[in-house]
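coords.tsv follows (TSV, C-alpha atoms):
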chain	number	residue	atom	x	y	z
A	54	MET	CA	20.43	96.07	-40.14
A	55	THR	CA	16.80	94.97	-39.94
A	56	ARG	CA	14.74	96.81	-37.36
A	57	VAL	CA	12.57	94.59	-35.13
A	58	PHE	CA	9.84	95.63	-32.68
A	59	SER	CA	8.45	93.37	-29.95
A	60	GLY	CA	6.45	94.05	-26.82
A	61	VAL	CA	4.96	92.60	-23.66
A	62	LYS	CA	1.61	93.68	-22.21
A	63	PRO	CA	1.57	94.22	-18.42
A	64	THR	CA	-1.75	92.49	-17.78
A	65	GLY	CA	-0.32	89.65	-15.72
A	66	HIS	CA	2.88	88.20	-14.32
A	67	LEU	CA	5.31	86.91	-16.95
A	68	THR	CA	5.50	83.16	-17.25
A	69	LEU	CA	7.80	80.31	-18.23
A	70	GLY	CA	6.00	80.39	-21.58
A	71	ASN	CA	6.93	84.05	-22.10
A	72	TYR	CA	10.56	83.29	-21.29
A	73	LEU	CA	11.08	80.12	-23.32
A	74	GLY	CA	8.86	81.29	-26.17
A	75	ALA	CA	10.18	84.83	-26.66
A	76	MET	CA	12.29	86.58	-24.02
A	77	ARG	CA	15.21	84.17	-24.15
A	78	ARG	CA	15.49	84.54	-27.92
A	79	TRP	CA	15.26	88.33	-27.69
A	80	ALA	CA	18.31	88.33	-25.42
A	81	ALA	CA	20.30	85.60	-27.16
A	82	VAL	CA	19.60	86.44	-30.80
A	83	ASP	CA	17.46	89.44	-31.72
A	84	GLN	CA	19.32	92.17	-29.86
A	85	HIS	CA	22.57	91.00	-31.49
A	86	GLU	CA	21.34	90.52	-35.05
A	87	ALA	CA	18.84	93.38	-35.45
A	88	ASP	CA	18.21	96.99	-34.51
A	89	ALA	CA	15.81	95.78	-31.83
A	90	LEU	CA	13.21	97.68	-29.83
A	91	PHE	CA	11.50	96.02	-26.88
A	92	CYS	CA	8.54	97.76	-25.33
A	93	VAL	CA	6.29	97.34	-22.29
A	94	VAL	CA	3.02	98.15	-24.07
A	95	ASP	CA	1.17	99.56	-21.08
A	96	LEU	CA	-1.40	101.49	-23.16
A	97	HIS	CA	-2.72	98.15	-24.40
A	98	ALA	CA	-3.34	97.10	-20.80
A	99	LEU	CA	-6.01	99.81	-20.50
A	100	THR	CA	-8.35	98.14	-23.00
A	101	VAL	CA	-9.90	95.99	-20.27
A	102	ASP	CA	-11.00	96.58	-16.70
A	103	HIS	CA	-7.85	97.07	-14.63
A	104	ASP	CA	-6.40	98.29	-11.36
A	105	PRO	CA	-4.21	101.37	-12.13
A	106	ALA	CA	-1.74	100.58	-9.36
A	107	ARG	CA	-1.40	97.00	-10.61
A	108	VAL	CA	-0.71	98.14	-14.18
A	109	ARG	CA	2.08	100.42	-12.91
A	110	ARG	CA	3.51	97.66	-10.75
A	111	LEU	CA	3.42	95.07	-13.54
A	112	SER	CA	4.91	97.54	-16.02
A	113	ARG	CA	7.95	98.05	-13.80
A	114	GLN	CA	8.16	94.33	-13.07
A	115	SER	CA	8.01	93.43	-16.77
A	116	ALA	CA	10.79	95.88	-17.64
A	117	THR	CA	12.93	94.56	-14.78
A	118	LEU	CA	12.39	90.96	-15.86
A	119	LEU	CA	13.32	91.79	-19.45
A	120	LEU	CA	16.62	93.19	-18.18
A	121	ALA	CA	17.06	90.19	-15.91
A	122	ALA	CA	16.51	87.89	-18.90
A	123	GLY	CA	19.54	89.44	-20.59
A	124	LEU	CA	18.39	92.44	-22.61
A	125	ASP	CA	21.32	94.86	-22.78
A	126	PRO	CA	20.48	98.58	-23.14
A	127	GLU	CA	23.78	98.98	-24.98
A	128	LEU	CA	22.55	96.57	-27.67
A	129	CYS	CA	18.80	97.29	-27.82
A	130	THR	CA	16.20	99.88	-26.93
A	131	LEU	CA	14.00	99.06	-23.94
A	132	PHE	CA	11.21	101.46	-23.01
A	133	VAL	CA	7.63	101.88	-21.83
A	134	GLN	CA	5.05	102.66	-24.51
A	135	SER	CA	3.31	105.52	-22.69
A	136	HIS	CA	6.65	107.29	-22.22
A	137	VAL	CA	6.81	107.95	-25.97
A	138	ASP	CA	3.97	110.23	-27.10
A	139	GLU	CA	4.44	109.30	-30.74
A	140	HIS	CA	2.54	106.05	-30.23
A	141	ALA	CA	-0.69	107.86	-29.31
A	142	ARG	CA	-0.08	110.63	-31.85
A	143	LEU	CA	0.24	108.21	-34.71
A	144	SER	CA	-2.57	105.95	-33.53
A	145	TYR	CA	-5.22	108.61	-34.13
A	146	VAL	CA	-3.89	109.42	-37.58
A	147	LEU	CA	-4.03	105.73	-38.49
A	148	GLU	CA	-7.58	105.48	-37.15
A	149	CYS	CA	-8.41	108.01	-39.85
A	150	VAL	CA	-7.15	105.51	-42.43
A	151	ALA	CA	-8.43	102.23	-40.97
A	152	THR	CA	-12.09	101.21	-41.32
A	153	ASP	CA	-14.75	100.10	-38.88
A	154	GLY	CA	-15.15	96.81	-40.77
A	155	GLU	CA	-11.47	95.98	-40.41
A	156	MET	CA	-11.62	96.52	-36.65
A	157	ARG	CA	-14.71	94.40	-36.16
A	158	ARG	CA	-13.16	91.50	-38.06
A	159	MET	CA	-10.28	91.21	-35.59
A	160	ILE	CA	-10.59	87.78	-33.98
A	161	GLN	CA	-9.68	88.84	-30.45
A	162	TYR	CA	-12.26	91.64	-30.49
A	163	LYS	CA	-14.96	89.34	-31.83
A	164	GLU	CA	-14.29	86.68	-29.19
A	165	LYS	CA	-14.05	89.04	-26.21
A	166	ALA	CA	-17.04	91.11	-27.32
A	167	ALA	CA	-19.14	87.95	-27.72
A	168	ARG	CA	-18.20	86.72	-24.23
A	169	GLU	CA	-19.07	90.09	-22.72
A	170	ARG	CA	-22.43	90.24	-24.49
A	171	LEU	CA	-23.34	86.89	-22.97
A	172	ARG	CA	-22.77	88.47	-19.56
A	173	GLY	CA	-25.03	91.38	-20.51
A	174	GLY	CA	-22.19	93.88	-20.82
A	175	SER	CA	-20.05	95.46	-23.49
A	176	VAL	CA	-16.33	95.96	-24.11
A	177	ARG	CA	-14.41	99.21	-24.10
A	178	LEU	CA	-14.07	101.14	-27.35
A	179	SER	CA	-10.29	100.90	-26.97
A	180	LEU	CA	-10.52	97.12	-27.35
A	181	LEU	CA	-12.02	97.69	-30.80
A	182	THR	CA	-9.37	100.19	-31.87
A	183	TYR	CA	-6.28	98.82	-30.15
A	184	PRO	CA	-5.08	96.97	-33.28
A	185	VAL	CA	-4.54	100.43	-34.79
A	186	LEU	CA	-2.42	101.37	-31.78
A	187	MET	CA	-0.46	98.17	-32.37
A	188	ALA	CA	0.00	99.23	-35.99
A	189	ALA	CA	1.28	102.60	-34.75
A	190	ASP	CA	3.74	100.80	-32.45
A	191	ILE	CA	5.21	99.08	-35.50
A	192	LEU	CA	4.97	101.75	-38.19
A	193	ALA	CA	6.38	104.58	-36.06
A	194	TYR	CA	9.76	102.88	-36.03
A	195	GLY	CA	9.94	101.64	-39.59
A	196	ALA	CA	10.18	98.08	-38.33
A	197	GLY	CA	10.64	95.73	-41.25
A	198	GLU	CA	9.99	92.56	-39.28
A	199	VAL	CA	7.62	91.77	-36.45
A	200	PRO	CA	8.20	88.32	-34.92
A	201	VAL	CA	4.78	87.12	-33.72
A	202	GLY	CA	2.91	83.93	-33.04
A	203	ASP	CA	-0.05	82.84	-35.12
A	204	ASP	CA	-2.50	84.59	-32.75
A	205	GLN	CA	-1.02	88.00	-33.61
A	206	ARG	CA	-0.42	87.62	-37.33
A	207	GLN	CA	-3.80	89.17	-38.14
A	208	HIS	CA	-2.75	92.37	-36.38
A	209	VAL	CA	0.49	92.62	-38.34
A	210	GLU	CA	-1.46	92.08	-41.57
A	211	LEU	CA	-3.68	95.00	-40.55
A	212	ALA	CA	-0.57	97.15	-40.01
A	213	ARG	CA	0.58	96.21	-43.51
A	214	ASP	CA	-2.79	97.11	-45.03
A	215	ILE	CA	-2.88	100.47	-43.25
A	216	ALA	CA	0.69	101.29	-44.30
A	217	VAL	CA	0.02	100.46	-47.95
A	218	ARG	CA	-3.25	102.44	-47.96
A	219	PHE	CA	-1.62	105.47	-46.31
A	220	ASN	CA	1.32	105.40	-48.72
A	221	GLN	CA	-0.99	105.19	-51.74
A	222	ARG	CA	-3.26	108.02	-50.60
A	223	TYR	CA	-0.83	110.46	-49.06
A	224	GLY	CA	2.62	109.60	-50.38
A	225	HIS	CA	5.22	107.11	-49.28
A	226	THR	CA	5.66	107.49	-45.52
A	227	PHE	CA	5.82	104.07	-43.90
A	228	VAL	CA	7.90	100.95	-44.25
A	229	VAL	CA	5.50	98.07	-44.91
A	230	PRO	CA	6.31	95.47	-42.24
A	231	ARG	CA	6.01	91.73	-42.49
A	232	ALA	CA	5.16	89.20	-39.85
A	233	THR	CA	7.89	86.66	-39.23
A	234	ARG	CA	7.68	83.46	-37.29
A	235	PRO	CA	10.01	83.57	-34.30
A	236	GLY	CA	12.99	81.26	-34.50
A	237	VAL	CA	12.73	77.81	-32.98
A	238	ALA	CA	11.32	78.31	-29.50
A	239	ALA	CA	9.26	76.38	-27.04
A	240	ARG	CA	5.48	76.36	-27.31
A	241	VAL	CA	4.72	76.02	-23.63
A	242	MET	CA	1.24	74.85	-22.71
A	243	ASN	CA	-0.70	75.11	-19.46
A	244	LEU	CA	0.34	72.30	-17.13
A	245	GLN	CA	-3.28	71.64	-16.14
A	246	ASP	CA	-4.76	72.18	-19.61
A	247	PRO	CA	-2.23	71.16	-22.28
A	248	ALA	CA	-4.64	72.28	-25.01
A	249	SER	CA	-4.17	75.93	-23.93
A	250	LYS	CA	-1.08	78.13	-23.98
A	251	MET	CA	0.61	78.99	-20.70
A	252	GLY	CA	-0.48	82.62	-20.73
A	253	LYS	CA	-0.48	85.44	-18.21
A	254	SER	CA	-3.45	85.30	-15.86
A	255	ASP	CA	-4.95	87.51	-13.19
A	256	ASP	CA	-5.26	84.46	-10.97
A	257	VAL	CA	-2.50	82.29	-9.62
A	258	GLY	CA	-3.14	79.10	-11.55
A	259	PRO	CA	-1.65	75.69	-10.75
A	260	GLY	CA	-0.95	75.17	-14.45
A	261	ILE	CA	1.08	78.37	-14.89
A	262	VAL	CA	4.73	78.68	-13.84
A	263	TYR	CA	5.47	82.35	-13.19
A	264	LEU	CA	9.02	83.61	-13.52
A	265	LEU	CA	8.99	84.89	-9.95
A	266	ASP	CA	7.51	81.76	-8.38
A	267	GLU	CA	9.65	80.33	-5.59
A	268	PRO	CA	11.58	77.20	-6.68
A	269	ASP	CA	9.48	74.91	-4.48
A	270	VAL	CA	6.31	76.33	-6.02
A	271	MET	CA	7.68	75.68	-9.50
A	272	ARG	CA	8.54	72.10	-8.58
A	273	LYS	CA	5.09	71.50	-7.10
A	274	LYS	CA	3.32	72.82	-10.21
A	275	VAL	CA	5.38	70.64	-12.55
A	276	MET	CA	4.99	67.54	-10.36
A	277	ARG	CA	1.21	68.04	-10.43
A	278	ALA	CA	1.07	68.51	-14.20
A	279	VAL	CA	-1.67	66.67	-16.06
A	280	THR	CA	-0.42	63.66	-18.00
A	281	ASP	CA	-2.23	61.12	-20.17
A	282	SER	CA	-3.53	57.61	-19.91
A	283	GLY	CA	-1.00	54.87	-20.47
A	284	ARG	CA	2.36	54.16	-18.90
A	285	GLU	CA	4.84	54.36	-21.76
A	286	VAL	CA	6.71	57.66	-22.11
A	287	VAL	CA	6.30	58.63	-25.76
A	288	TYR	CA	6.25	61.93	-27.62
A	289	ASP	CA	2.93	62.43	-29.41
A	290	ARG	CA	1.54	65.98	-29.40
A	291	GLU	CA	-1.89	64.90	-30.67
A	292	ALA	CA	-2.54	61.73	-28.69
A	293	ARG	CA	-0.52	62.51	-25.53
A	294	PRO	CA	-0.55	66.35	-25.16
A	295	GLY	CA	0.19	66.42	-21.42
A	296	LEU	CA	3.24	64.20	-21.78
A	297	ALA	CA	4.38	66.04	-24.90
A	298	ASN	CA	4.20	69.36	-23.05
A	299	LEU	CA	6.51	68.09	-20.31
A	300	LEU	CA	8.98	66.71	-22.85
A	301	GLU	CA	8.96	69.99	-24.80
A	302	ILE	CA	9.58	72.02	-21.64
A	303	LEU	CA	12.44	69.71	-20.63
A	304	ALA	CA	13.91	69.94	-24.13
A	305	ALA	CA	13.67	73.73	-24.17
A	306	CYS	CA	15.39	73.97	-20.79
A	307	THR	CA	18.18	71.47	-21.53
A	308	GLY	CA	18.76	71.93	-25.25
A	309	GLY	CA	17.60	68.44	-26.16
A	310	GLU	CA	14.92	67.11	-28.49
A	311	PRO	CA	11.59	65.79	-27.17
A	312	GLU	CA	11.70	62.71	-29.37
A	313	ALA	CA	15.13	61.75	-28.07
A	314	LEU	CA	14.41	62.57	-24.42
A	315	CYS	CA	11.40	60.32	-24.10
A	316	GLY	CA	13.57	57.23	-24.55
A	317	ALA	CA	15.40	58.00	-21.32
A	318	TYR	CA	12.31	57.60	-19.13
A	319	THR	CA	10.25	54.64	-18.06
A	320	SER	CA	7.93	56.51	-15.70
A	321	TYR	CA	6.02	59.79	-15.62
A	322	GLY	CA	7.34	60.53	-12.13
A	323	ALA	CA	10.97	60.56	-13.21
A	324	LEU	CA	10.17	62.78	-16.18
A	325	LYS	CA	8.29	65.23	-14.00
A	326	LYS	CA	11.10	65.37	-11.46
A	327	ASP	CA	13.76	66.10	-14.08
A	328	THR	CA	11.53	68.66	-15.81
A	329	ALA	CA	10.86	70.43	-12.51
A	330	GLU	CA	14.57	70.68	-11.74
A	331	ALA	CA	15.35	71.84	-15.28
A	332	VAL	CA	12.76	74.64	-14.98
A	333	VAL	CA	14.17	75.77	-11.64
A	334	GLU	CA	17.73	75.81	-13.00
A	335	VAL	CA	16.96	77.62	-16.27
A	336	LEU	CA	15.17	80.39	-14.34
A	337	ARG	CA	17.71	80.62	-11.49
A	338	PRO	CA	20.00	83.22	-13.18
A	339	LEU	CA	16.97	85.34	-14.16
A	340	ARG	CA	15.59	85.30	-10.61
A	341	GLU	CA	18.97	86.19	-9.13
A	342	ARG	CA	19.48	89.06	-11.56
A	343	HIS	CA	15.92	90.28	-10.93
A	344	LYS	CA	16.67	90.44	-7.21
A	345	GLU	CA	19.79	92.52	-7.90
A	346	LEU	CA	17.89	94.92	-10.15
A	347	CYS	CA	15.10	95.36	-7.60
A	348	ALA	CA	17.74	96.47	-5.10
A	349	ASP	CA	18.76	99.25	-7.51
A	350	PRO	CA	15.50	100.73	-8.89
A	351	GLY	CA	17.34	103.83	-10.07
A	352	HIS	CA	19.18	101.72	-12.63
A	353	VAL	CA	15.95	100.39	-14.14
A	354	GLU	CA	14.46	103.89	-14.23
A	355	GLY	CA	17.57	105.18	-15.96
A	356	VAL	CA	17.40	102.43	-18.59
A	357	LEU	CA	13.73	103.19	-19.30
A	358	ARG	CA	14.36	106.94	-19.44
A	359	ALA	CA	17.24	106.55	-21.89
A	360	GLY	CA	15.28	103.99	-23.91
A	361	ALA	CA	12.28	106.31	-24.22
A	362	GLU	CA	14.50	109.16	-25.36
A	363	ARG	CA	16.14	106.98	-27.98
A	364	ALA	CA	12.78	105.57	-29.14
A	365	ARG	CA	11.33	109.08	-29.34
A	366	GLY	CA	14.19	110.15	-31.57
A	367	MET	CA	13.54	107.19	-33.88
A	368	ALA	CA	9.77	107.64	-34.07
A	369	ARG	CA	9.28	111.40	-34.22
A	370	PRO	CA	10.53	112.00	-37.79
A	371	THR	CA	8.17	109.34	-39.17
A	372	VAL	CA	5.18	110.54	-37.14
A	373	ASP	CA	5.84	114.17	-38.07
A	374	ALA	CA	6.03	113.11	-41.73
A	375	ALA	CA	2.69	111.29	-41.38
A	376	TYR	CA	1.11	114.41	-39.88
A	377	ARG	CA	2.32	116.53	-42.79
A	378	ALA	CA	1.31	113.95	-45.39
A	379	ILE	CA	-2.25	113.61	-44.13
A	380	GLY	CA	-2.78	117.37	-44.13
A	381	LEU	CA	-2.09	118.64	-40.62
A	382	LEU	CA	-0.54	122.09	-40.24
A	383	PRO	CA	2.96	122.01	-38.76
A	384	ALA	CA	3.32	123.45	-35.26
A	385	VAL	CA	4.80	126.94	-35.12
A	386	ALA	CA	7.86	125.68	-33.28
A	387	GLU	CA	8.52	123.16	-36.05
A	388	VAL	CA	8.23	125.84	-38.74
A	389	GLU	CA	10.60	128.15	-36.89
A	390	LYS	CA	13.09	125.33	-36.32
A	391	ALA	CA	13.06	124.40	-40.01
A	392	ALA	CA	13.42	128.03	-41.07
A	393	GLY	CA	16.31	128.51	-38.67
A	394	ALA	CA	18.04	125.56	-40.27
A	395	GLY	CA	17.77	127.24	-43.65
A	396	ALA	CA	15.00	125.03	-44.98
A	397	VAL	CA	12.30	126.28	-47.33
A	398	VAL	CA	9.02	126.04	-45.40
A	399	THR	CA	5.66	125.68	-47.15
A	400	VAL	CA	2.46	125.88	-45.09

Exercise: express the given structure as structure tokens:
Amino acid sequence: MTRVFSGVKPTGHLTLGNYLGAMRRWAAVDQHEADALFCVVDLHALTVDHDPARVRRLSRQSATLLLAAGLDPELCTLFVQSHVDEHARLSYVLECVATDGEMRRMIQYKEKAARERLRGGSVRLSLLTYPVLMAADILAYGAGEVPVGDDQRQHVELARDIAVRFNQRYGHTFVVPRATRPGVAARVMNLQDPASKMGKSDDVGPGIVYLLDEPDVMRKKVMRAVTDSGREVVYDREARPGLANLLEILAACTGGEPEALCGAYTSYGALKKDTAEAVVEVLRPLRERHKELCADPGHVEGVLRAGAERARGMARPTVDAAYRAIGLLPAVAEVEKAAGAGAVVTV
């Protein structure tokens, strides 16, 4: 069975875009068809200025929402990145294989560093090196496939390059992963700026539907969505992006097709009303399950504890092998354990 690794970064509240674009598929497809690991990548949240208490709160909330969305700990492995030391252990080793030039070519680093320089500041070193940590997330588990959007493909390509380079220099150690395009899923855009993705934000934005918004708040945001000039309801992503976004959201929530749905409407108001109700209904089971899970925090903690233990067992052999391959001396406890098992130990 193919092993798949995916993660969410706890830098903001999860949105309708996160659910329709990824989480729903993880629950409905990936955990059934692959040896799937899903991770709250909290170490990545430290690459920018942050409130420690908020990172902890969002990490727990993200894990709870993933369970509420349908992830089953009997079918997949759900854990928090910082609970598995192998991520940080492997990241440093891979930094010793990656190059400064590769890091500085990463698009996200270039864009964020340029914005910060305009303000007279500078970014954290971890923002420069975090693509190596992302590579460690993937390579530690021997993941063959990494389903990502176009904005993350560059990072998976870096993981491939590092794996190939390490294998060539120090002996075959890592599975070389490949980026895969997620299966058909909604590309949800900001309701107030249909040229931008509906992403997590530190601010409560009128164009972002958060999974834990109250139903009336969701309805209000959809009803106030930006549309386009003209009166005819047609599906045209280039010429009518606001209208197309509403049709795509409605299609994703109801299982229809945007091109077919537009023929059922003669006014923007009716489309907005139906889209708002569809959003509320598709998120209703998730919100109800989230409420149940919040009433039993011990269950979520138990899932994360068991998931971390399972993930640690998957990652440790590969990371230990990488340590040996690159020239690090095995720990005394490891040598004694191997000797006790009757293995021939060479140091």

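CA of Glu267 (chain A) to CA of Ala116 (chain A) spans 19.7 Å [interatomic distance, one decimal].
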
Worksheet item: Which residues, written as a ChimeraX atom specification, have at least one atom at most 12 Å from Arg272 (chain A), with only C-alpha atoms counted and residues fewer than 6 positions away on the same chain left out?
Response: /A:244,259-263,266,278,325-334

Using only C-alpha atoms, the shortest atom-to-atom distance to Gly154 (chain A) among A:Gln205, A:Thr182, A:Ser249, A:Thr117 belongs to A:Thr182

Could you give me, as a ChimeraX atom specification, the residues within 12 Å of Gln114 (chain A), counting all atoms listed in the file and dropping anything in the same chain fewer than 5 positions from it? /A:61-67,93,95,107-109,119-121,133,264-265,340,343-344,346-347,350,353-354

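Between Thr152 (chain A) and the candidates A:Cys129, A:Tyr376, A:Gly123, A:Leu211, the tightest atom-to-atom separation, counting all atoms listed in the file, involves A:Leu211.
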
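Put simply, CA of Asp269 (chain A) is 26.0 Å away from CA of Arg78 (chain A).
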
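Of the residues under consideration (A:Ala317, A:Ala305, A:Ala361, A:Ile379), A:Ala305 shows the shortest atom-to-atom contact distance to Leu336 (chain A) when counting all atoms listed in the file.
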
Which polymer residues, whether protein, DNA or RNA, lie within 12 Å of the coordinate (22.6, 88.2, -29.0) when you count all atoms listed in the file? List them as a VMD selection string, using the chain letters and numbers from the file. chain A and resid 76 to 89 122 to 125 127 to 129

Min atom-atom distance to Asp289 (chain A) from the set A:Pro311, A:Pro383, A:Arg172, A:Val199, counting only C-alpha atoms, belongs to A:Pro311
